[in-house]
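Below is one structure, written out as structure tokens, with a few remarks after it.
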Amino acid sequence: MPEHPFLKQLGDFIKVRHRLERVIDLALRPIEIMVKKPIFGCHMCGQCVLHSTGMICPMNCPKNIRNGPCGGVRADSHCEVYPERLCVWVKAYRQSQRLFWPLEIHDLRPPVDWSIQGSSSWLNYLTGRDQVVSGCTSGHISALQILNNDVE
Amino acid sequence: MDAHQDISLRYKFSTMMSNNITHNPSRLSRVLSEGKFAIAAEISPPQGIDLEAIEHEANLLKDFVDVLNVTDNQAASVRMASIPVCAILAKLGIEPVAQMTCRDRNRLAIQADLLGAAALGIKNLLCLSGDHGRWGDHPQANSVYDIDSNHLLWIANAMTNTGCLDNGREISPRPEFFIGAAANPFAPPFEYRPYRLAKKVAAGAKFVQTQLIYNIKRFREYMTVVRDLGLDEKVYILAGVGPIKSARQASFMSTRLAGMEVHPEIVSRMEKTPRAAQAEEGIKICCELIEQVREIPGIAGLHIMAVRWAESVPEIIKRAGLFPR
């Protein structure tokens with residue numbers, strides 16, 4: 001959900017008008033694919049986390065891991081499943097440390113909501129649909145924050 | 001005690017329960033919270049329906065370990081499921097740790113299995129991502145990976161602490177799991193590995209079993225950062241150790257196995273040993289590693305993984321001076 005009051009209002013405006021939301025979604029999808037597919041190898045999961053994963057798309061990980069890397073990374077930092085590829089999460093970690101927000105890699109990212117797969121993540125960000133998380137799990141929280149504050 | 005009474009008792013217990021580890025009735029949690037050095041070993045279920053081998057191994061290890069891990073389709077090859085084998089072990093009087101991977105199940109199946117496990121009296125749960133199916137015995141199969149290991153910890157922890165499923169629906173009585181995670185300090189990016197453990201602890205891991213340690217220097221460095229983060233006070237760390245049976249196995253593990261690091265010194269030591277004495281040398285190396293691991297502050301126990309060599313485990317425990325328990 002955007003923090004800017006105007007965008008927030010716009011998001012709320014679209015959210016309750018399902019037909020409008022559908023039209024904007026269909027219009028945005030091809031643009032988003034064209035922009036994000038060649039640059040990030042986007043899989044259109046509809047809930048973009050690129051910002052917190054060093055601008056490396058975690059959906060390229062063969063295990064779809066949102067909180068990586070797994071324990072199978074090879075000694076040369078290559079993937080356990082595809083030995084010819086560099087591990088997505090090794091790339092993500094290294095890249096994230098070069099950005100101005102290196103701590104976001106420690107966020108606990110919630111499970112993928114497969115019901116919005118294929119839709120525009122930009123619109124979902126605006127309407128907050130990518131933040132609809134399950135009963136037990138809450139949205140993006142930093143693991144370090146949880147540990148420091150001792151919140152459960 | 002009949003089943004009905006047992007369930008109602010468990011319900012009473014769960015309503016009293018806060019997020020306090022000591023209230024968990026699992027033996028592993030009790031041993032760890034009492035500050036005793038815990039020992040876990042690992043067995044793999046049979047590739048058929050023959051239970052004799054399992055019973056033999058269980059009886060062999062019974063007096064030497066606190067809990068036995070039961071793997072869940074390890075190396076992505078089909079074996080008997082973890083939960084039924086755990087139930088059999090529990091019947092034999094040995095406390096199991098059920099391993100659960102995200103490779104074969106989506107969140108529905110995972111939660112359904114967890115409910116079943118709780119009803120069968122399984123109290124310890126190890127949450128893993130799981131090896132990818134591509135290198136298993138069914139490479140054609142679709143690997144599910146609906147959620148990752150952090151989410152699995154999250155879901156199991158929510159079930160235990162708040163008694164609700166991932167969709168928010170409440171279940172009562174709720175299952176009570178002593179939840180564990182895996183940690184691998186020996187795979188890149190090394191500097192991030194302690195933080196990944198932090199993530200798992202934040203997601204609800206109460207104990208951690210590490211990858212096999214064959215590079216003690218790297219593990220010491222890892223543990224230093226773990227202690228700096230204060231994680232050793234929030235989670236019980238069981239160090240993974242295991243004997244190497246032959247020089248061939250050593251070189252295989254060091255070169256071919258992903259996510260495993262064997263120090264070159266250990267490989268050359270195995271290679272220098274004549275073939276007949278290699279198994280003995282492997283046990284010796286394992287005991288030395290145990291001694292070194294025990295000197296590291298923040299280690300709460302051992303997780304002994306002897307791949308297809310359960311007979312070596314009692315010998316190792318005896319030689320390490322950890323017997324009688």
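For the structure tokens, the naming scheme is as follows: chains receive sequential letters (A, B, ...) according to their order of presentation, residues are indexed from 1 within each chain, and ligands are indexed from 1 in presentation order.
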Could you please select, counting only C-alpha atoms, the residues of chain B within 9 Å of chain A and state them as a VMD selection string? chain B and resid 19 102 to 103 129 to 135 143 to 151 154 to 155 158 to 159 162 164 to 169 182 to 189 192 to 193 195 to 196 198 to 204 211 229 to 231 234 255 257 to 261
Please produce a file of those selected residues containing C-alpha atoms, as a short mmCIF file (atom, residue, chain, number, x, y, z; two decimals), in the first residue's frame.
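Output saved as part.cif:
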data_model
loop_
_atom_site.label_atom_id
_atom_site.label_comp_id
_atom_site.auth_asym_id
_atom_site.auth_seq_id
_atom_site.Cartn_x
_atom_site.Cartn_y
_atom_site.Cartn_z
CA ASN B 19 4.53 -19.41 24.27
CA CYS B 102 7.62 -28.03 1.15
CA ARG B 103 8.53 -29.93 -1.99
CA SER B 129 12.39 -26.63 2.06
CA GLY B 130 13.42 -30.03 0.76
CA ASP B 131 15.76 -31.13 -2.01
CA HIS B 132 14.45 -30.30 -5.44
CA GLY B 133 12.85 -33.16 -7.38
CA ARG B 134 15.10 -32.73 -10.38
CA TRP B 135 17.85 -34.88 -8.87
CA SER B 143 7.96 -29.94 -7.32
CA VAL B 144 5.27 -28.02 -5.47
CA TYR B 145 7.01 -25.33 -3.39
CA ASP B 146 3.78 -23.53 -2.63
CA ILE B 147 5.42 -22.05 0.48
CA ASP B 148 9.00 -21.96 1.70
CA SER B 149 10.52 -23.28 4.91
CA ASN B 150 10.03 -19.94 6.71
CA HIS B 151 6.33 -20.01 5.91
CA TRP B 154 5.23 -19.69 10.53
CA ILE B 155 2.21 -21.90 9.90
CA ALA B 158 0.67 -20.26 14.48
CA MET B 159 -1.07 -23.62 14.83
CA THR B 162 -2.79 -19.38 18.41
CA CYS B 164 -5.45 -21.22 13.88
CA LEU B 165 -4.93 -22.46 10.36
CA ASP B 166 -3.30 -20.34 7.69
CA ASN B 167 -6.69 -19.05 6.57
CA GLY B 168 -7.44 -17.84 10.09
CA ARG B 169 -9.91 -20.60 10.97
CA ALA B 182 17.52 -26.51 9.55
CA ALA B 183 20.52 -24.23 9.14
CA ASN B 184 23.38 -24.56 6.72
CA PRO B 185 26.43 -22.47 7.62
CA PHE B 186 28.44 -24.07 4.82
CA ALA B 187 26.79 -22.68 1.72
CA PRO B 188 27.29 -19.24 0.20
CA PRO B 189 26.59 -16.42 0.94
CA TYR B 192 24.17 -13.91 5.29
CA ARG B 193 23.69 -17.37 6.81
CA TYR B 195 20.74 -13.71 9.38
CA ARG B 196 18.81 -16.41 7.63
CA ALA B 198 17.55 -15.11 12.54
CA LYS B 199 14.68 -15.14 10.09
CA LYS B 200 13.81 -18.69 10.98
CA VAL B 201 13.92 -17.89 14.68
CA ALA B 202 11.67 -14.90 14.07
CA ALA B 203 9.31 -17.20 12.18
CA GLY B 204 9.04 -19.48 15.19
CA GLN B 211 24.12 -29.26 8.21
CA LEU B 229 22.87 -11.60 17.18
CA GLY B 230 21.78 -13.18 20.46
CA LEU B 231 20.27 -16.15 18.67
CA LYS B 234 16.46 -17.75 21.61
CA THR B 255 32.95 -32.31 -4.68
CA LEU B 257 27.11 -32.81 -2.97
CA ALA B 258 25.50 -29.36 -3.11
CA GLY B 259 25.39 -27.39 0.13
CA MET B 260 28.12 -29.47 1.77
CA GLU B 261 31.64 -28.44 2.63
#
Just the residues within 8 Å of Val235 in chain B, please, counting only C-alpha atoms, with nothing from its chain fewer than 5 positions along; format it as a short mmCIF file (atom, residue, chain, number, x, y, z; two decimals) with C-alpha atoms, in the first residue's frame.
data_model
loop_
_atom_site.label_atom_id
_atom_site.label_comp_id
_atom_site.auth_asym_id
_atom_site.auth_seq_id
_atom_site.Cartn_x
_atom_site.Cartn_y
_atom_site.Cartn_z
CA VAL B 201 13.92 -17.89 14.68
CA ALA B 205 11.89 -22.01 15.22
CA LYS B 206 12.62 -23.24 18.75
CA PHE B 207 15.46 -25.57 17.87
CA VAL B 208 17.83 -25.78 14.95
#
Which is closest to Ile94 in chain B among B:Val313, B:Ala81, B:Leu302, B:Val65, if we use only C-alpha atoms?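 Among the listed residues, the smallest separation from Ile94 in chain B belongs to B:Val65.
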Those in chain A with strand (DSSP E or B) from DSSP, as a PyMOL selection string: chain A and resi 78+86+107-108+141-142
Output N, CA and C atoms for every residue in that selection, as a JSON list (two decimals), in the first residue's frame.
[["chain", "number", "residue", "atom", "x", "y", "z"],
["A", 78, "HIS", "N", 26.50, -21.48, -7.18],
["A", 78, "HIS", "CA", 25.53, -21.84, -8.20],
["A", 78, "HIS", "C", 24.37, -22.63, -7.60],
["A", 86, "LEU", "N", 23.79, -19.09, -11.61],
["A", 86, "LEU", "CA", 24.13, -18.53, -10.30],
["A", 86, "LEU", "C", 22.86, -18.54, -9.46],
["A", 107, "ASP", "N", 13.51, -8.79, 5.72],
["A", 107, "ASP", "CA", 12.05, -8.86, 5.87],
["A", 107, "ASP", "C", 11.57, -10.31, 5.76],
["A", 108, "LEU", "N", 10.59, -10.64, 6.59],
["A", 108, "LEU", "CA", 9.91, -11.93, 6.43],
["A", 108, "LEU", "C", 8.81, -11.71, 5.40],
["A", 141, "ILE", "N", 7.52, -7.99, 7.70],
["A", 141, "ILE", "CA", 8.12, -7.46, 8.92],
["A", 141, "ILE", "C", 9.58, -7.86, 8.91],
["A", 142, "SER", "N", 10.41, -7.02, 9.46],
["A", 142, "SER", "CA", 11.82, -7.37, 9.51],
["A", 142, "SER", "C", 12.05, -8.39, 10.61]]
Determine which residues of range 54-108 of chain A DSSP labels as helix (DSSP H, G or I) from the backbone of this structure, then write them out as a VMD selection string. chain A and resid 58 to 60 88 to 98 102 to 106
Write a file of the just-selected residues containing C-alpha atoms, as a PDB file, in the first residue's frame.
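File written: part-v8.pdb
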ATOM      1  CA  PRO A  58      12.802 -14.500  -6.347  1.00  0.00           C
ATOM      2  CA  MET A  59      10.276 -16.307  -8.546  1.00  0.00           C
ATOM      3  CA  ASN A  60      13.222 -17.328 -10.743  1.00  0.00           C
ATOM      4  CA  VAL A  88      19.061 -16.294  -7.484  1.00  0.00           C
ATOM      5  CA  TRP A  89      19.305 -15.610  -3.783  1.00  0.00           C
ATOM      6  CA  VAL A  90      23.068 -15.184  -3.757  1.00  0.00           C
ATOM      7  CA  LYS A  91      22.559 -12.538  -6.436  1.00  0.00           C
ATOM      8  CA  ALA A  92      19.686 -11.029  -4.461  1.00  0.00           C
ATOM      9  CA  TYR A  93      21.691 -10.824  -1.248  1.00  0.00           C
ATOM     10  CA  ARG A  94      24.750  -9.287  -2.901  1.00  0.00           C
ATOM     11  CA  GLN A  95      22.677  -6.812  -4.866  1.00  0.00           C
ATOM     12  CA  SER A  96      20.578  -5.842  -1.856  1.00  0.00           C
ATOM     13  CA  GLN A  97      23.689  -4.820   0.041  1.00  0.00           C
ATOM     14  CA  ARG A  98      24.591  -2.369  -2.716  1.00  0.00           C
ATOM     15  CA  PRO A 102      20.258  -3.026   2.638  1.00  0.00           C
ATOM     16  CA  LEU A 103      18.171  -4.044   5.656  1.00  0.00           C
ATOM     17  CA  GLU A 104      15.067  -4.906   3.663  1.00  0.00           C
ATOM     18  CA  ILE A 105      16.535  -8.294   2.762  1.00  0.00           C
ATOM     19  CA  HIS A 106      15.802  -9.317   6.371  1.00  0.00           C
TER      20      HIS A 106
END
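The space separating CA of Asp50 in chain B from CA of Leu108 in chain B comes to 29.1 Å.
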Rounded to one decimal in Å, what is the spacing between CA of Leu125 in chain B and CA of Met100 in chain B? 7.2 Å
I'd like to know which of B:His56, B:Arg174, B:Arg27, B:Lys217 is closest to Gln292 in chain B, using only C-alpha atoms.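 Checking each of B:His56, B:Arg174, B:Arg27, B:Lys217 against Gln292 in chain B, counting only C-alpha atoms, the winner is B:Lys217.
Excluding Pro194 in chain B itself and any same-chain residue fewer than 3 positions from it, the protein and nucleic acid residues within 7 Å of it, counting only C-alpha atoms, are Leu197, Ala198, Tyr222, Val225 and Val226 of chain B.
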Give me the residues near range 5-7 of chain A as a list in words, where near means some atom within 12 Å (using only C-alpha atoms) and where sequence neighbours in that chain fewer than 5 positions away do not count. Asp12, Phe13, Ile14, Lys15, Trp122, Leu123, Tyr125, Leu126, Thr127 and Gly128 of chain A
Please provide the set of residues having any atom within 10 Å of Arg319 in chain B, restricted to only C-alpha atoms, with same-chain residues fewer than 3 positions apart removed, written as a list in words. Ile283, Lys284, Cys287, Glu288, Val313, Pro314, Glu315, Ile316, Leu322 and Phe323 of chain B
Could you dump the residues just selected with N, CA and C atoms as a PDB file, in the first residue's frame?
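Resulting contents of part_17.pdb:
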ATOM      1  N   ILE B 283      35.088 -42.684  12.085  1.00  0.00           N
ATOM      2  CA  ILE B 283      34.510 -42.542  13.432  1.00  0.00           C
ATOM      3  C   ILE B 283      35.409 -41.674  14.303  1.00  0.00           C
ATOM      4  N   LYS B 284      36.729 -41.866  14.140  1.00  0.00           N
ATOM      5  CA  LYS B 284      37.689 -41.085  14.921  1.00  0.00           C
ATOM      6  C   LYS B 284      37.548 -39.590  14.593  1.00  0.00           C
ATOM      7  N   CYS B 287      34.465 -38.177  16.171  1.00  0.00           N
ATOM      8  CA  CYS B 287      34.600 -37.936  17.618  1.00  0.00           C
ATOM      9  C   CYS B 287      35.421 -36.681  17.891  1.00  0.00           C
ATOM     10  N   GLU B 288      36.455 -36.472  17.071  1.00  0.00           N
ATOM     11  CA  GLU B 288      37.259 -35.257  17.237  1.00  0.00           C
ATOM     12  C   GLU B 288      36.406 -34.019  16.974  1.00  0.00           C
ATOM     13  N   VAL B 313      26.541 -45.150  15.306  1.00  0.00           N
ATOM     14  CA  VAL B 313      26.084 -44.088  16.215  1.00  0.00           C
ATOM     15  C   VAL B 313      26.338 -44.426  17.698  1.00  0.00           C
ATOM     16  N   PRO B 314      25.960 -45.633  18.171  1.00  0.00           N
ATOM     17  CA  PRO B 314      26.246 -45.955  19.584  1.00  0.00           C
ATOM     18  C   PRO B 314      27.730 -45.868  19.898  1.00  0.00           C
ATOM     19  N   GLU B 315      28.552 -46.346  18.971  1.00  0.00           N
ATOM     20  CA  GLU B 315      30.007 -46.321  19.156  1.00  0.00           C
ATOM     21  C   GLU B 315      30.505 -44.880  19.304  1.00  0.00           C
ATOM     22  N   ILE B 316      30.012 -44.000  18.428  1.00  0.00           N
ATOM     23  CA  ILE B 316      30.428 -42.592  18.472  1.00  0.00           C
ATOM     24  C   ILE B 316      30.019 -41.952  19.800  1.00  0.00           C
ATOM     25  N   LEU B 322      29.470 -39.470  25.950  1.00  0.00           N
ATOM     26  CA  LEU B 322      28.104 -38.990  26.182  1.00  0.00           C
ATOM     27  C   LEU B 322      27.174 -40.108  26.634  1.00  0.00           C
ATOM     28  N   PHE B 323      27.745 -41.264  26.923  1.00  0.00           N
ATOM     29  CA  PHE B 323      26.953 -42.389  27.382  1.00  0.00           C
ATOM     30  C   PHE B 323      27.490 -42.848  28.732  1.00  0.00           C
TER      31      PHE B 323
END
